[in-house]
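One structure is given here, and the rest of the page talks about it.
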Amino acid sequence: MTSTPDYAPVDTARGDREPASVEQLEEEGDVAADFLEGLLDIADIDGDLDLDVRGGRAYVSVEAPEGGSVDLIAHPDTVQALQELTRIAVQNRTGRFSRLILDVGGSRDTRQRQLATLVDRAIDRLEEGASQASLPAMSSYERKLVHDIVAERGFVSESYGEGADRHTVIRRA
């Protein structure tokens with residue numbers, strides 16, 4: 001009797017990738033942690049790593065131990081760059097495209113609050129009479145967060161554009 005492996009949910013919007021199994025996502029997390037530990041050592045930054053698998057993605061968090069210094073690399077642009085480098089390292093090691101998410105010192109929560117403020121400003125423009133409000137281009141992960149925030153506020157949103165120009169437009173429901 002054969003059994004099918006457990007698969008984590010995956011965003012199939014692109015349709016060109018098979019869903020990763022939980023075991024594959026755990027492997028991605030382990031490879032990412034090894035890579036990040038090396039980077040932290042080189043930069044002489046103390047950080048504790050935490051690995052998780054959620055929503056079809058590996059999540060790696062770098063937190064500061066007592067007196068740690070991860071805030072030096074917690075700026076959203078820095079985290080985005082580190083995430084891309086980490087994804088490349090994982091892909092080179094596993095041979096598979098990685099959608100892992102990196103959080104450094106709570107940077108993801110900080111970015112989510114910034115996106116909520118951006119959405120609230122866009123909704124203010126709609127309340128003042130605009131028919132729609134466009135947000136700047138952002139990553140697919142950030143657009144997903146924006147779509148969730150917009151839906152919570154009772155509005156609708158769609159993404160438009162290609163590649164680095166892909167952005168979100170908000171309208172009344």
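Ligands are numbered from 1 in the order shown, chains are lettered A, B, ... in the order of the structure tokens, and residues start at 1 in each chain.
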
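Every protein, DNA or RNA residue with an atom at most 10 Å from A:Glu84, where only C-alpha atoms count and chain neighbours fewer than 2 positions away do not, is listed here: Thr78, Val79, Gln80, Ala81, Leu82, Thr86, Arg87, Ile88, Ala89, Val90, Ser98, Arg99, Leu100, Ile101 and Leu102 of chain A.
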
Could you write out the selected residues, including N, CA and C atoms, as a compact mmCIF listing (two decimals), in the first residue's frame?
# COMPACT_ATOMS: atom_id res chain seq x y z
N THR A 78 16.66 45.96 4.10
CA THR A 78 17.74 45.03 4.41
C THR A 78 17.18 43.61 4.54
N VAL A 79 16.05 43.49 5.23
CA VAL A 79 15.43 42.17 5.39
C VAL A 79 15.03 41.60 4.04
N GLN A 80 14.48 42.45 3.16
CA GLN A 80 14.10 41.99 1.82
C GLN A 80 15.32 41.47 1.06
N ALA A 81 16.43 42.20 1.15
CA ALA A 81 17.66 41.77 0.46
C ALA A 81 18.19 40.47 1.06
N LEU A 82 18.20 40.37 2.40
CA LEU A 82 18.64 39.14 3.05
C LEU A 82 17.74 37.97 2.69
N THR A 86 18.95 34.61 0.90
CA THR A 86 18.68 33.34 1.56
C THR A 86 17.92 32.41 0.63
N ARG A 87 16.94 32.95 -0.11
CA ARG A 87 16.21 32.12 -1.07
C ARG A 87 17.15 31.55 -2.13
N ILE A 88 18.09 32.36 -2.60
CA ILE A 88 19.06 31.90 -3.60
C ILE A 88 19.93 30.78 -3.01
N ALA A 89 20.37 30.97 -1.77
CA ALA A 89 21.18 29.94 -1.11
C ALA A 89 20.40 28.64 -0.99
N VAL A 90 19.13 28.74 -0.62
CA VAL A 90 18.28 27.54 -0.49
C VAL A 90 18.10 26.88 -1.85
N SER A 98 12.45 28.64 -3.85
CA SER A 98 12.01 28.80 -2.47
C SER A 98 11.18 30.06 -2.31
N ARG A 99 10.11 29.95 -1.55
CA ARG A 99 9.25 31.09 -1.23
C ARG A 99 9.35 31.43 0.25
N LEU A 100 10.48 31.10 0.88
CA LEU A 100 10.60 31.30 2.32
C LEU A 100 10.45 32.77 2.69
N ILE A 101 10.02 32.98 3.90
CA ILE A 101 9.83 34.32 4.46
C ILE A 101 10.81 34.49 5.60
N LEU A 102 11.51 35.62 5.57
CA LEU A 102 12.47 35.95 6.63
C LEU A 102 11.95 37.11 7.44

Inset, instruction - List the neighbours of A:Val70 out to 12 Å using only C-alpha atoms; skip same-chain residues closer than 2 positions along the sequence, and give me the result as a ChimeraX atom specification. - result: /A:36,39-41,43-49,61-68,72-75,78-79,103-107

Could you write out that same residue set with C-alpha atoms as an mmCIF file, in the first residue's frame?
data_model
loop_
_atom_site.group_PDB
_atom_site.id
_atom_site.type_symbol
_atom_site.label_atom_id
_atom_site.label_comp_id
_atom_site.auth_asym_id
_atom_site.auth_seq_id
_atom_site.Cartn_x
_atom_site.Cartn_y
_atom_site.Cartn_z
ATOM 1 C CA LEU A 36 21.900 32.926 8.020
ATOM 2 C CA LEU A 39 26.093 35.553 7.729
ATOM 3 C CA LEU A 40 25.423 36.514 11.341
ATOM 4 C CA ASP A 41 28.788 35.091 12.372
ATOM 5 C CA ALA A 43 28.821 40.259 10.669
ATOM 6 C CA ASP A 44 29.397 39.509 14.376
ATOM 7 C CA ILE A 45 25.666 39.849 15.097
ATOM 8 C CA ASP A 46 24.067 37.766 17.833
ATOM 9 C CA GLY A 47 20.732 36.295 16.851
ATOM 10 C CA ASP A 48 18.531 33.363 17.753
ATOM 11 C CA LEU A 49 16.882 31.531 14.840
ATOM 12 C CA SER A 61 12.840 34.413 12.278
ATOM 13 C CA VAL A 62 15.988 36.010 13.638
ATOM 14 C CA GLU A 63 15.447 37.378 17.120
ATOM 15 C CA ALA A 64 17.836 39.235 19.371
ATOM 16 C CA PRO A 65 18.953 37.469 22.512
ATOM 17 C CA GLU A 66 19.377 39.632 25.612
ATOM 18 C CA GLY A 67 21.650 42.487 24.522
ATOM 19 C CA GLY A 68 21.676 41.264 20.897
ATOM 20 C CA LEU A 72 21.315 46.539 12.771
ATOM 21 C CA ILE A 73 19.811 44.389 9.991
ATOM 22 C CA ALA A 74 16.071 44.766 10.739
ATOM 23 C CA HIS A 75 15.324 47.597 8.282
ATOM 24 C CA THR A 78 17.737 45.027 4.407
ATOM 25 C CA VAL A 79 15.427 42.174 5.393
ATOM 26 C CA ASP A 103 11.691 38.056 9.670
ATOM 27 C CA VAL A 104 14.411 39.926 11.535
ATOM 28 C CA GLY A 105 13.647 41.413 14.925
ATOM 29 C CA GLY A 106 9.924 41.765 14.208
ATOM 30 C CA SER A 107 10.457 43.475 10.847
#

Exercise. If we count only C-alpha atoms, what is near stretch 129-131 of chain A at a cut-off of 12 Å, once residues fewer than 3 positions away on the same chain are taken out, given as a ChimeraX atom specification?
Worked result: /A:121-126,134,155-156,169-173

For atom CA of A:Tyr59 and atom CA of A:Leu25, the interatomic separation in Å (one decimal):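 Spanning atom CA of A:Tyr59 to atom CA of A:Leu25 is a straight-line distance of 8.9 Å.
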
Which residue of A:Thr168, A:Glu158, A:Val31, A:Arg113 approaches A:Asn92 most closely, using only C-alpha atoms:
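That would be A:Val31, the residue with the smallest distance to A:Asn92.
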
- Message: Quick check for you: according to DSSP on this backbone, which residues of stretch 90-173 of chain A are classed as strand (DSSP E)? Reply as a list in words.
- Response: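 Residues of stretch 90-173 of chain A classed as strand (DSSP E): Ile101, Leu102, Asp103, Val104, Ala133, Ser134, Phe155, Val156, Ser157, Glu158, Ser159, Tyr160, His167, Thr168, Val169, Ile170, Arg171 and Arg172 of chain A.
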
Inset, instruction - Pull the alpha helix (DSSP H) assignments for chain A out of DSSP run on the backbone, and list those residues as a count of residues only. - result: 75

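Between atom CA of A:Pro76 and atom CA of A:Ser140 there is a distance of 14.8 Å.
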
Show me, as a list in words, the residues that have an atom within 8 Å of A:Asp30 when counting only C-alpha atoms, minus same-chain residues fewer than 4 positions from it.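 Residues meeting the cut-off are Glu26, Asp34 and Leu51 of chain A.
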
Which residues come within 6 Å of A:Ala137, counting only C-alpha atoms, excluding same-chain residues fewer than 5 positions away, as number ranges by chain?
A: 165-167

Residue with smallest distance to A:Asp52 - pool A:Gln114, A:Gly163, A:Asp71, A:Glu27, counting only C-alpha atoms:
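Ranking A:Gln114, A:Gly163, A:Asp71, A:Glu27 by distance to A:Asp52, first place goes to A:Glu27.
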